[in-house]
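Asks: So here's coords.txt (compact mmCIF, C-alpha atoms).
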# COMPACT_ATOMS: atom_id res chain seq x y z
CA MET A 1 -18.51 -58.36 38.96
CA LEU A 2 -15.29 -58.83 37.05
CA SER A 3 -15.45 -61.25 34.15
CA VAL A 4 -12.68 -62.26 31.82
CA GLN A 5 -13.39 -63.94 28.50
CA ALA A 6 -10.85 -65.77 26.35
CA LEU A 7 -8.03 -63.52 27.51
CA ALA A 8 -4.59 -63.80 25.93
CA CYS A 9 -1.55 -61.80 26.91
CA GLU A 10 1.90 -61.48 25.39
CA ARG A 11 5.12 -59.99 26.56
CA GLY A 12 7.34 -59.00 23.69
CA ASP A 13 6.60 -61.76 21.16
CA LYS A 14 6.24 -64.46 23.77
CA LYS A 15 2.75 -65.71 24.45
CA LEU A 16 2.19 -65.96 28.21
CA PHE A 17 -1.26 -67.50 28.30
CA ASP A 18 -4.32 -67.65 26.11
CA ASN A 19 -7.97 -68.56 26.27
CA LEU A 20 -8.21 -67.67 29.93
CA SER A 21 -11.73 -67.15 31.24
CA PHE A 22 -12.91 -66.62 34.79
CA GLU A 23 -15.23 -64.53 36.88
CA VAL A 24 -14.83 -62.84 40.23
CA GLU A 25 -18.10 -62.04 41.97
CA ALA A 26 -18.68 -59.82 44.97
CA GLY A 27 -17.60 -61.67 48.08
CA HIS A 28 -15.07 -63.80 46.23
CA ALA A 29 -11.31 -63.87 45.98
CA LEU A 30 -9.12 -65.17 43.20
CA HIS A 31 -5.69 -66.56 43.92
CA VAL A 32 -3.44 -66.68 40.84
CA HIS A 33 -0.72 -69.34 41.02
CA GLY A 34 2.16 -70.04 38.70
CA PRO A 35 5.94 -70.24 38.45
CA ASN A 36 8.10 -67.17 37.80
CA GLY A 37 7.51 -65.83 34.33
CA ALA A 38 4.13 -67.51 33.93
CA GLY A 39 2.43 -64.14 33.45
CA LYS A 40 0.88 -63.50 36.85
CA THR A 41 1.96 -59.88 37.00
CA THR A 42 0.96 -59.33 33.36
CA LEU A 43 -2.47 -60.78 34.09
CA LEU A 44 -2.91 -58.50 37.09
CA ARG A 45 -1.73 -55.46 35.12
CA ALA A 46 -4.17 -56.36 32.36
CA LEU A 47 -6.97 -56.57 34.93
CA CYS A 48 -6.12 -53.02 36.05
CA GLY A 49 -6.11 -51.73 32.50
CA LEU A 50 -2.38 -50.96 32.50
CA VAL A 51 -1.60 -53.54 29.80
CA ALA A 52 -3.75 -54.07 26.73
CA PRO A 53 -4.52 -57.77 26.25
CA ALA A 54 -3.53 -59.42 22.94
CA ALA A 55 -7.00 -60.94 22.65
CA GLY A 56 -10.13 -61.38 24.71
CA ARG A 57 -12.19 -59.09 26.87
CA ILE A 58 -12.12 -57.94 30.47
CA CYS A 59 -15.53 -56.75 31.62
CA TRP A 60 -16.83 -55.04 34.73
CA ASP A 61 -20.56 -55.60 35.19
CA GLY A 62 -20.80 -56.59 31.54
CA GLU A 63 -18.96 -53.63 30.01
CA ASP A 64 -15.45 -53.69 28.62
CA ILE A 65 -13.03 -51.94 30.99
CA HIS A 66 -11.34 -50.19 28.06
CA ASP A 67 -14.65 -48.46 27.33
CA LEU A 68 -15.39 -47.72 30.99
CA ARG A 69 -11.90 -46.38 31.78
CA GLU A 70 -12.32 -43.83 34.61
CA ASP A 71 -15.59 -45.41 35.74
CA TYR A 72 -13.74 -48.69 36.18
CA PHE A 73 -10.63 -47.13 37.73
CA ARG A 74 -12.88 -45.74 40.47
CA LYS A 75 -13.59 -49.34 41.52
CA VAL A 76 -10.04 -50.70 41.52
CA SER A 77 -6.98 -50.46 43.72
CA TYR A 78 -3.73 -51.89 42.43
CA PHE A 79 -0.78 -52.86 44.55
CA GLY A 80 2.18 -53.59 42.30
CA HIS A 81 5.85 -54.42 42.70
CA LEU A 82 6.62 -50.73 42.98
CA ASN A 83 5.34 -49.18 46.17
CA ALA A 84 4.34 -45.87 44.57
CA LEU A 85 5.76 -43.97 47.53
CA LYS A 86 7.74 -40.75 47.39
CA ASP A 87 11.02 -40.94 49.32
CA GLU A 88 10.91 -37.31 50.42
CA LEU A 89 7.41 -37.41 51.88
CA THR A 90 6.44 -38.88 55.23
CA GLY A 91 4.30 -41.98 55.56
CA LEU A 92 1.24 -39.90 56.38
CA GLU A 93 1.77 -37.47 53.48
CA ASN A 94 2.30 -40.33 51.08
CA VAL A 95 -0.98 -41.96 51.96
CA VAL A 96 -3.00 -38.71 52.03
CA LEU A 97 -1.58 -37.34 48.78
CA GLY A 98 -1.59 -40.75 47.08
CA LEU A 99 -5.30 -41.07 47.80
CA GLY A 100 -5.83 -37.44 46.81
CA LEU A 101 -4.39 -38.15 43.36
CA ALA A 102 -6.96 -40.89 42.95
CA GLY A 103 -9.70 -38.51 44.05
CA HIS A 104 -10.30 -40.06 47.47
CA ALA A 105 -10.44 -37.50 50.25
CA VAL A 106 -9.37 -39.01 53.55
CA GLU A 107 -9.06 -37.78 57.13
CA GLU A 108 -5.58 -37.77 58.63
CA ALA A 109 -6.97 -39.49 61.71
CA ALA A 110 -8.20 -42.40 59.58
CA VAL A 111 -4.73 -42.71 58.02
CA SER A 112 -3.06 -42.75 61.45
CA GLU A 113 -5.44 -45.41 62.61
CA MET A 114 -4.79 -47.58 59.56
CA LEU A 115 -1.00 -47.16 59.90
CA ALA A 116 -1.31 -48.20 63.53
CA ARG A 117 -3.39 -51.21 62.56
CA LEU A 118 -0.67 -52.24 60.12
CA GLY A 119 1.91 -51.74 62.87
CA VAL A 120 3.74 -48.79 61.30
CA GLU A 121 2.51 -45.85 63.37
CA ILE A 122 6.13 -44.77 63.90
CA CYS A 123 6.47 -44.26 60.13
CA GLN A 124 3.77 -41.63 60.10
CA ASP A 125 6.14 -38.67 60.45
CA LEU A 126 9.29 -40.20 59.02
CA PRO A 127 10.33 -39.68 55.42
CA VAL A 128 9.82 -42.89 53.50
CA LYS A 129 13.48 -43.06 52.40
CA VAL A 130 14.56 -44.05 55.92
CA LEU A 131 12.06 -46.92 56.18
CA SER A 132 12.79 -50.61 55.67
CA GLN A 133 11.33 -52.57 52.74
CA GLY A 134 8.67 -54.13 54.90
CA GLN A 135 7.65 -50.81 56.43
CA LYS A 136 7.39 -49.21 52.99
CA LYS A 137 5.21 -52.06 51.85
CA ARG A 138 2.87 -51.59 54.81
CA VAL A 139 2.57 -47.84 54.20
CA ALA A 140 1.74 -48.58 50.57
CA LEU A 141 -0.85 -51.14 51.67
CA ALA A 142 -2.50 -48.57 53.95
CA ARG A 143 -3.33 -46.58 50.81
CA ILE A 144 -5.13 -49.55 49.24
CA MET A 145 -7.04 -50.29 52.45
CA LEU A 146 -8.29 -46.69 52.73
CA ALA A 147 -9.28 -46.16 49.10
CA GLY A 148 -12.61 -47.88 49.71
CA THR A 149 -12.67 -49.58 46.31
CA PRO A 150 -14.52 -52.87 45.87
CA LEU A 151 -11.83 -54.61 43.82
CA TRP A 152 -8.33 -55.09 45.18
CA ILE A 153 -5.63 -56.30 42.82
CA LEU A 154 -2.63 -57.29 44.90
CA ASP A 155 0.61 -58.45 43.32
CA GLU A 156 2.75 -60.29 45.88
CA PRO A 157 1.44 -58.30 48.85
CA PHE A 158 3.08 -60.58 51.41
CA THR A 159 6.74 -60.41 50.35
CA ALA A 160 9.05 -58.61 52.80
CA LEU A 161 6.37 -58.64 55.51
CA ASP A 162 7.02 -60.24 58.88
CA VAL A 163 4.84 -63.00 60.31
CA HIS A 164 2.70 -60.60 62.30
CA ALA A 165 2.09 -58.31 59.30
CA VAL A 166 1.24 -61.26 57.06
CA ASP A 167 -1.36 -62.26 59.61
CA VAL A 168 -2.83 -58.74 59.85
CA LEU A 169 -2.92 -58.34 56.07
CA SER A 170 -4.54 -61.71 55.40
CA ARG A 171 -7.19 -60.92 57.99
CA MET A 172 -7.84 -57.58 56.27
CA ILE A 173 -8.25 -59.28 52.91
CA VAL A 174 -10.66 -61.80 54.42
CA GLU A 175 -12.61 -58.99 56.06
CA HIS A 176 -12.77 -57.05 52.77
CA VAL A 177 -14.02 -60.08 50.84
CA THR A 178 -16.57 -61.19 53.42
CA ASN A 179 -17.98 -57.65 53.40
CA GLY A 180 -18.80 -58.06 49.72
CA GLY A 181 -15.48 -56.91 48.23
CA MET A 182 -13.34 -58.68 45.68
CA ALA A 183 -9.67 -59.50 45.66
CA VAL A 184 -7.32 -60.86 43.04
CA LEU A 185 -3.90 -61.73 44.39
CA THR A 186 -0.71 -63.60 43.70
CA THR A 187 1.69 -64.91 46.27
CA HIS A 188 4.35 -67.60 46.50
CA GLN A 189 4.05 -67.73 50.24
CA ASP A 190 1.85 -70.28 51.90
CA VAL A 191 -0.70 -67.89 53.28
CA GLY A 192 -3.82 -69.62 54.45
CA LEU A 193 -6.61 -67.23 53.56
CA ASP A 194 -9.41 -68.28 55.84
CA LEU A 195 -12.05 -67.99 53.17
CA SER A 196 -14.52 -70.38 51.70
CA GLN A 197 -14.89 -68.25 48.57
CA VAL A 198 -11.40 -68.46 47.09
CA ARG A 199 -10.98 -69.61 43.53
CA HIS A 200 -7.59 -70.69 42.25
CA ILE A 201 -6.05 -70.26 38.82
CA HIS A 202 -2.83 -71.94 37.75
CA LEU A 203 -0.92 -70.22 34.99
CA GLY A 204 1.88 -71.78 33.01
CA LYS A 205 0.44 -75.27 33.11
CA ARG A 206 -1.37 -77.05 30.35
CA GLY A 207 -4.76 -78.59 31.06
CA MET B 208 -9.85 -30.39 41.05
CA GLY B 209 -8.88 -32.10 44.31
CA ALA B 210 -6.52 -34.30 42.33
CA LEU B 211 -4.90 -31.30 40.65
CA ARG B 212 -4.33 -29.71 44.05
CA SER B 213 -2.92 -32.96 45.47
CA ILE B 214 -0.37 -33.28 42.70
CA LEU B 215 0.70 -29.63 43.00
CA VAL B 216 1.11 -29.93 46.76
CA ARG B 217 2.99 -33.19 46.35
CA ASP B 218 5.45 -31.97 43.71
CA LEU B 219 6.09 -28.65 45.44
CA THR B 220 6.64 -30.33 48.82
CA ILE B 221 9.09 -32.79 47.29
CA ALA B 222 10.96 -29.94 45.59
CA MET B 223 11.19 -28.00 48.86
CA ARG B 224 12.76 -31.03 50.53
CA ARG B 225 15.17 -31.58 47.67
CA LYS B 226 16.20 -28.04 46.85
CA ALA B 227 19.27 -29.05 44.84
CA ASP B 228 17.14 -29.87 41.80
CA VAL B 229 15.54 -26.43 41.71
CA LEU B 230 18.75 -24.56 42.52
CA THR B 231 20.74 -26.37 39.82
CA VAL B 232 18.44 -24.99 37.13
CA LEU B 233 18.51 -21.49 38.58
CA PHE B 234 22.30 -21.40 38.95
CA PHE B 235 22.76 -22.78 35.46
CA PHE B 236 20.68 -19.88 34.15
CA ILE B 237 22.54 -17.29 36.22
CA ILE B 238 25.97 -18.59 35.20
CA VAL B 239 25.21 -18.85 31.48
CA VAL B 240 23.74 -15.34 31.41
CA SER B 241 26.63 -13.89 33.43
CA LEU B 242 29.34 -15.49 31.28
CA PHE B 243 28.42 -13.56 28.14
CA PRO B 244 29.27 -10.04 29.40
CA LEU B 245 32.58 -11.40 30.70
CA GLY B 246 33.40 -13.07 27.41
CA ILE B 247 32.26 -10.31 25.09
CA GLY B 248 33.54 -7.28 26.98
CA PRO B 249 31.94 -4.18 28.40
CA GLU B 250 30.64 -2.69 25.13
CA ALA B 251 27.23 -1.41 26.29
CA ASP B 252 25.81 -1.26 22.75
CA THR B 253 26.78 -4.85 21.92
CA LEU B 254 25.47 -6.11 25.24
CA ARG B 255 22.14 -4.37 24.79
CA THR B 256 21.77 -5.96 21.36
CA ILE B 257 22.54 -9.50 22.41
CA ALA B 258 20.76 -9.39 25.80
CA PRO B 259 17.31 -10.70 24.78
CA GLY B 260 18.73 -13.52 22.70
CA VAL B 261 21.18 -14.63 25.37
CA MET B 262 18.55 -14.54 28.11
CA TRP B 263 16.10 -16.52 26.06
CA VAL B 264 18.56 -19.16 24.92
CA ALA B 265 19.72 -19.59 28.53
CA ALA B 266 16.10 -19.92 29.72
CA LEU B 267 15.44 -22.49 27.01
CA LEU B 268 18.44 -24.62 27.96
CA ALA B 269 17.67 -24.29 31.67
CA SER B 270 14.11 -25.46 31.09
CA MET B 271 15.39 -28.43 29.10
CA LEU B 272 17.84 -29.31 31.85
CA SER B 273 14.98 -30.10 34.20
CA LEU B 274 12.77 -31.93 31.70
CA GLY B 275 14.37 -35.31 32.29
CA ARG B 276 13.13 -35.33 35.87
CA LEU B 277 9.57 -34.34 35.00
CA PHE B 278 8.22 -37.89 34.78
CA TYR B 279 11.28 -40.07 35.40
CA ASN B 280 11.09 -40.24 39.20
CA ASP B 281 7.38 -40.99 39.14
CA TYR B 282 8.02 -43.64 36.51
CA MET B 283 10.69 -45.34 38.59
CA ASP B 284 8.84 -45.41 41.91
CA GLY B 285 5.49 -46.52 40.53
CA THR B 286 3.49 -43.36 41.21
CA LEU B 287 3.08 -42.79 37.47
CA GLU B 288 1.33 -46.13 36.95
CA GLN B 289 -0.98 -45.26 39.83
CA MET B 290 -1.79 -41.99 38.01
CA LEU B 291 -2.56 -43.94 34.85
CA ILE B 292 -5.21 -45.95 36.68
CA ALA B 293 -6.55 -43.07 38.76
CA PRO B 294 -10.23 -42.25 38.21
CA GLN B 295 -9.24 -38.70 37.23
CA PRO B 296 -8.52 -37.84 33.61
CA LEU B 297 -4.78 -38.34 33.11
CA GLY B 298 -4.59 -35.02 31.26
CA LEU B 299 -5.62 -33.19 34.43
CA LEU B 300 -2.94 -34.88 36.53
CA VAL B 301 -0.37 -34.18 33.82
CA MET B 302 -1.40 -30.53 33.80
CA GLY B 303 -0.77 -30.40 37.54
CA LYS B 304 2.70 -31.83 37.04
CA ILE B 305 3.49 -29.34 34.26
CA ILE B 306 2.30 -26.37 36.33
CA ALA B 307 4.47 -27.57 39.21
CA HIS B 308 7.40 -27.89 36.80
CA TRP B 309 6.90 -24.32 35.63
CA LEU B 310 6.61 -22.97 39.18
CA LEU B 311 9.90 -24.67 40.03
CA SER B 312 11.93 -24.16 36.86
CA GLY B 313 10.32 -21.18 35.10
CA VAL B 314 9.23 -18.72 37.79
CA PRO B 315 12.63 -18.49 39.55
CA LEU B 316 14.24 -17.56 36.20
CA VAL B 317 11.66 -14.87 35.57
CA LEU B 318 12.21 -13.43 39.05
CA ILE B 319 15.99 -13.24 38.73
CA THR B 320 15.90 -11.78 35.20
CA PRO B 321 15.57 -8.05 36.16
CA LEU B 322 18.74 -8.38 38.22
CA LEU B 323 20.68 -10.16 35.48
CA GLY B 324 19.39 -7.68 32.92
CA LEU B 325 21.36 -4.91 34.66
CA GLN B 326 24.60 -6.50 33.47
CA TYR B 327 23.42 -5.88 29.93
CA ASP B 328 22.55 -2.22 30.46
CA LEU B 329 18.93 -2.81 29.53
CA SER B 330 16.52 0.08 30.04
CA ALA B 331 13.64 -0.25 32.47
CA ASP B 332 11.15 -0.57 29.59
CA ALA B 333 13.13 -3.31 27.91
CA LEU B 334 13.47 -5.18 31.22
CA LEU B 335 9.75 -4.98 31.82
CA VAL B 336 9.00 -6.41 28.39
CA LEU B 337 11.63 -9.12 28.85
CA VAL B 338 10.03 -10.20 32.13
CA ALA B 339 6.56 -10.14 30.57
CA ALA B 340 7.76 -12.20 27.61
CA LEU B 341 9.45 -14.73 29.88
CA LEU B 342 6.35 -14.92 32.04
CA LEU B 343 4.29 -15.84 28.98
CA GLY B 344 6.95 -17.93 27.28
CA THR B 345 8.43 -20.14 30.01
CA PRO B 346 5.15 -21.99 30.67
CA ILE B 347 5.02 -22.81 26.93
CA LEU B 348 8.48 -24.35 27.31
CA SER B 349 7.20 -26.52 30.17
CA PHE B 350 4.08 -27.60 28.28
CA LEU B 351 5.91 -28.46 25.04
CA GLY B 352 8.78 -30.05 26.94
CA ALA B 353 6.38 -32.36 28.77
CA ILE B 354 5.34 -33.94 25.47
CA GLY B 355 8.97 -34.68 24.66
CA ALA B 356 9.68 -35.96 28.18
CA ALA B 357 6.71 -38.32 27.99
CA LEU B 358 7.66 -39.61 24.53
CA THR B 359 11.21 -40.45 25.62
CA LEU B 360 10.24 -41.91 29.00
CA GLY B 361 12.08 -45.12 29.78
CA LEU B 362 14.33 -44.92 26.72
CA ARG B 363 18.07 -45.21 27.08
CA GLY B 364 19.69 -41.91 26.11
CA GLY B 365 16.33 -40.20 26.43
CA GLY B 366 18.02 -36.99 27.57
CA ALA B 367 19.73 -36.36 24.23
CA LEU B 368 16.66 -37.43 22.30
CA VAL B 369 14.37 -35.09 24.18
CA SER B 370 16.54 -32.13 23.14
CA LEU B 371 16.27 -33.13 19.49
CA LEU B 372 12.50 -33.53 19.78
CA VAL B 373 11.76 -30.40 21.74
CA LEU B 374 14.26 -27.77 20.58
CA PRO B 375 12.65 -27.30 17.14
CA LEU B 376 9.31 -26.72 18.89
CA TYR B 377 10.93 -24.09 21.09
CA ILE B 378 12.04 -21.98 18.11
CA PRO B 379 8.84 -19.90 17.76
CA VAL B 380 8.93 -19.11 21.48
CA LEU B 381 12.54 -18.00 21.15
CA VAL B 382 11.86 -15.87 18.07
CA PHE B 383 8.86 -14.05 19.49
CA GLY B 384 10.23 -13.85 23.02
CA ALA B 385 13.51 -12.25 22.01
CA GLY B 386 11.74 -10.26 19.29
CA ALA B 387 9.47 -8.61 21.86
CA VAL B 388 12.42 -6.94 23.55
CA ASP B 389 14.02 -5.90 20.24
CA ALA B 390 10.72 -4.37 19.16
CA THR B 391 10.49 -2.28 22.33
CA VAL B 392 14.07 -1.10 22.06
CA SER B 393 13.55 -0.02 18.44
CA GLY B 394 10.32 1.76 19.43
CA LEU B 395 7.88 -0.48 17.55
CA GLY B 396 6.03 -1.72 20.62
CA ALA B 397 5.97 -5.32 21.83
CA GLU B 398 2.19 -5.87 21.85
CA ALA B 399 2.16 -8.06 18.75
CA HIS B 400 4.92 -10.33 20.03
CA LEU B 401 3.38 -10.64 23.47
CA ALA B 402 -0.03 -11.36 21.98
CA LEU B 403 1.46 -14.16 19.89
CA LEU B 404 3.19 -15.60 22.96
CA GLY B 405 -0.11 -15.42 24.83
CA ALA B 406 -1.86 -17.26 22.01
CA GLY B 407 0.88 -19.89 22.05
CA LEU B 408 0.45 -20.28 25.80
CA LEU B 409 -3.31 -20.82 25.52
CA LEU B 410 -2.88 -23.29 22.70
CA SER B 411 -0.26 -25.33 24.55
CA LEU B 412 -2.27 -25.15 27.78
CA VAL B 413 -5.22 -26.77 26.05
CA LEU B 414 -3.43 -29.28 23.82
CA ALA B 415 -0.17 -30.29 25.48
CA PRO B 416 -1.57 -32.07 28.58
CA TRP B 417 -3.66 -34.41 26.44
CA ALA B 418 -0.81 -35.09 24.01
CA THR B 419 1.44 -35.80 27.00
CA ALA B 420 -1.16 -38.12 28.54
CA ALA B 421 -1.41 -40.06 25.27
CA ALA B 422 2.39 -40.33 25.09
CA LEU B 423 2.53 -41.63 28.67
CA ARG B 424 -0.02 -44.34 27.88
CA ILE B 425 2.12 -45.40 24.92
CA ALA B 426 5.18 -45.56 27.18
CA PHE B 427 3.36 -48.10 29.36
CA GLU B 428 1.98 -50.31 26.58
Hey, can you dump this file as structure tokens for me?
Replies:
Amino acid sequence: MLSVQALACERGDKKLFDNLSFEVEAGHALHVHGPNGAGKTTLLRALCGLVAPAAGRICWDGEDIHDLREDYFRKVSYFGHLNALKDELTGLENVVLGLGLAGHAVEEAAVSEMLARLGVEICQDLPVKVLSQGQKKRVALARIMLAGTPLWILDEPFTALDVHAVDVLSRMIVEHVTNGGMAVLTTHQDVGLDLSQVRHIHLGKRG
Amino acid sequence: MGALRSILVRDLTIAMRRKADVLTVLFFFIIVVSLFPLGIGPEADTLRTIAPGVMWVAALLASMLSLGRLFYNDYMDGTLEQMLIAPQPLGLLVMGKIIAHWLLSGVPLVLITPLLGLQYDLSADALLVLVAALLLGTPILSFLGAIGAALTLGLRGGGALVSLLVLPLYIPVLVFGAGAVDATVSGLGAEAHLALLGAGLLLSLVLAPWATAAALRIAFE
């Protein structure tokens, strides 16, 4: 369980939000809303441990993530604005080596299957530099899906995806959450996550 | 250990598909070393005297030439932030990157050195010691350079700054590396110099990856 207590984050000297508290339990999703510059990405990066919060605590099962470090990182997958793909490597190599860096061994067959499920099986043997934005995004998402971590932190996962891919991805998120996983995501698109267990947070608004 | 292997495979595969980066460093080294005999003239005695110094300074500059790329590409495409939140110790991943950097920028220089040494009329003994010294010394350059590269990551004009940060740290390597060859030529034996280089290598192997990891975390704060 991820719990956040009285969290405050700053960027430069500007305070983005303060006194933010929420919990995400197994089988729940959290949708973070807010206008551009409200601090959605900063909040998500803080939840991954990439940004140190100005105040407050982020806890996983009751322990501060800055004390847990590697034990917490084993539970989290982060999908950021940067795809974390290497231009020179093929789609398949990117996913296999990307997971290898995070210590997850994965079968090539499983990667092929996931790429096919995301509709990018043709990208498997192509270097990533020749792919379109949407295809790159899907290859990067395949890595998250295969990591087998309980907590997914997804920053704008739906941008640049076509209607079909948006549908596939939202079904995958629903499947992950209903199987006892957790997801924290931001999106400006009107994606109807078919989930009863979605909590919403609105940043950048008072009260 | 799986993570270390993954990062080595990844960096070496990328380098094989983008050979220009590796070849630039190698050709820079070859050209710098070859220019000196042309500029100074065919005096065998002079060439023998300056050979170790020239070779080492060229190796130092060549190693620095490739430092900028050590973390920059990973920083730009987001793979570095994924490494920061990987369940493996960051120091281990950094060590993988540094070893890959040495294999790509240090080892080719060491391999070409016996050939270049012929232009300087170096004896077989002196060449052997030069290669041994480079083999021990170039990984130190990669390890120390990584600290500088991490500290200047994301800064404008980081390239010039990294030279200022790292060159002073390279001085002991230069002194003992070039000194090893001089000692052999003058008949003193190079064991002491090589032993000191070996000690430097062990020290930087143990300390530099963690210092680099700490610097990378600061770069992301």
Asks: Given a cut-off of 9 Å, which residues of chain B touch chain A, counting all atoms listed in the file, written out as a ChimeraX atom specification?
Replies: /B:208-214,216-217,220-222,224-225,280-281,283-296,300,424,427-428
Asks: Work out how far apart atom CA of Gly352 of chain B and atom CA of Leu274 of chain B are and give it in Å to one decimal.
Replies: 6.5 Å
Asks: Ranking B:Leu371, B:Ala331, B:Leu381, B:Ile306 by minimum distance to Ala265 of chain B and counting all atoms listed in the file, which one comes first?
Replies: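 Going through B:Leu371, B:Ala331, B:Leu381, B:Ile306 one by one, the smallest distance to Ala265 of chain B is for B:Leu381.
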Asks: Can you list, as a VMD selection string, every protein, DNA or RNA residue that comes within 6 Å of segment 37-44 of chain A when you count only C-alpha atoms, leaving out same-chain residues fewer than 6 positions away?
Replies: chain A and resid 16 203 to 204
Asks: Write the residues you've just listed into a file as a compact mmCIF listing (two decimals), in the coordinates of the input, and include C-alpha atoms for each of them.
Replies:
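After the write, again-v2.txt holds the following:
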# COMPACT_ATOMS: atom_id res chain seq x y z
CA LEU A 16 2.19 -65.96 28.21
CA LEU A 203 -0.92 -70.22 34.99
CA GLY A 204 1.88 -71.78 33.01
Asks: Taking 2 positions as the minimum chain separation for residues in the same chain, which residues sit within 7 Å of Val388 of chain B when counting only C-alpha atoms? Answer as a VMD selection string.
Replies: chain B and resid 259 333 336 to 337 385 to 386 390 to 392 397
Asks: Keeping only C-alpha atoms, take the residues you just selected and write them out as a PDB file, keeping the file's coordinate frame.
Replies:
ATOM      1  CA  PRO B 259      17.310 -10.700  24.780  1.00  0.00           C
ATOM      2  CA  ALA B 333      13.130  -3.310  27.910  1.00  0.00           C
ATOM      3  CA  VAL B 336       9.000  -6.410  28.390  1.00  0.00           C
ATOM      4  CA  LEU B 337      11.630  -9.120  28.850  1.00  0.00           C
ATOM      5  CA  ALA B 385      13.510 -12.250  22.010  1.00  0.00           C
ATOM      6  CA  GLY B 386      11.740 -10.260  19.290  1.00  0.00           C
ATOM      7  CA  ALA B 390      10.720  -4.370  19.160  1.00  0.00           C
ATOM      8  CA  THR B 391      10.490  -2.280  22.330  1.00  0.00           C
ATOM      9  CA  VAL B 392      14.070  -1.100  22.060  1.00  0.00           C
ATOM     10  CA  ALA B 397       5.970  -5.320  21.830  1.00  0.00           C
TER      11      ALA B 397
END
Asks: Go ahead and compute the interatomic distance for atom CA of Thr178 of chain A and atom CA of Ala26 of chain A, in Å to one decimal.
Replies: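 It comes out at 8.8 Å.
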Asks: Any idea what the distance is between atom CA of Trp263 of chain B and atom CA of Asp218 of chain B?
Replies: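 Straight-line distance from atom CA of Trp263 of chain B to atom CA of Asp218 of chain B works out to 25.8 Å.
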Asks: If you count only C-alpha atoms, which residues fall within 8 Å of Ala160 of chain A, apart from same-chain ones fewer than 4 positions away, as a PDB file with C-alpha atoms, in the frame of the given file?
Replies:
ATOM      1  CA  GLN A 133      11.330 -52.570  52.740  1.00  0.00           C
ATOM      2  CA  GLY A 134       8.670 -54.130  54.900  1.00  0.00           C
ATOM      3  CA  LYS A 137       5.210 -52.060  51.850  1.00  0.00           C
TER       4      LYS A 137
END
Asks: Extract, using all atoms listed in the file, all DNA, RNA and protein residues at most 10 Å from Leu195 of chain A, discarding same-chain residues fewer than 6 positions from it, and format them as a ChimeraX atom specification.
Replies: /A:27-29,171,173-175,177-178
Asks: Distance cut-off 12 Å, centre (13.9, -29.7, 18.7) in file coordinates, counting all atoms listed in the file: which residues qualify? Return them as a PyMOL selection string.
Replies: chain B and resi 267-268+271+348+351-352+354-355+367-379
Asks: Which neighbours of Leu329 of chain B fall inside 12 Å, counting all atoms listed in the file, when residues of the same chain fewer than 2 positions from it are skipped, and could you give them as a ChimeraX atom specification?
Replies: /B:251-259,262,320-327,331-338,388-389,391-392
Asks: Between B:Leu395, B:Ala422, B:Ala269, B:Leu408, single out the one closest to Gly361 of chain B, counting only C-alpha atoms.
Replies: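 Nearest candidate to Gly361 of chain B out of B:Leu395, B:Ala422, B:Ala269, B:Leu408: B:Ala422.
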Asks: To test the calculation: enclose all listed atoms of segment 226-241 of chain B in a box whose edges run along x, y and z, add 6 Å on each side, then state centre and edge lengths in Å to one decimal, as AutoDock Vina command-line options.
Replies:
--center_x 21.1 --center_y -21.9 --center_z 39.1 --size_x 23.1 --size_y 28.0 --size_z 27.4
Asks: Taking all atoms listed in the file into account, name the residue in B:Ile238, B:Met302, B:Ile319, B:Val261 that is nearest to Val382 of chain B.
Replies: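 Checking each of B:Ile238, B:Met302, B:Ile319, B:Val261 against Val382 of chain B, counting all atoms listed in the file, the winner is B:Val261.
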Asks: For a quick check of understanding, using only C-alpha atoms, which of A:Leu7, A:Val139, A:Leu20, A:Ala54 has the smallest distance to Cys123 of chain A?
Replies: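 Selected residue with least distance to Cys123 of chain A: A:Val139.
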Asks: Using all atoms listed in the file, which of the listed residues (A:Met145, A:Val166, A:Ala140, A:Leu92) sits closest to Asp125 of chain A?
Replies: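 Smallest distance to Asp125 of chain A is found for A:Leu92.
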Asks: Which one of A:Thr159, A:Thr90, A:Thr186, A:Ser112 sits closest to His33 of chain A if you count all atoms listed in the file?
Replies: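 When distances to His33 of chain A are compared using all atoms listed in the file, the smallest one comes from A:Thr186.
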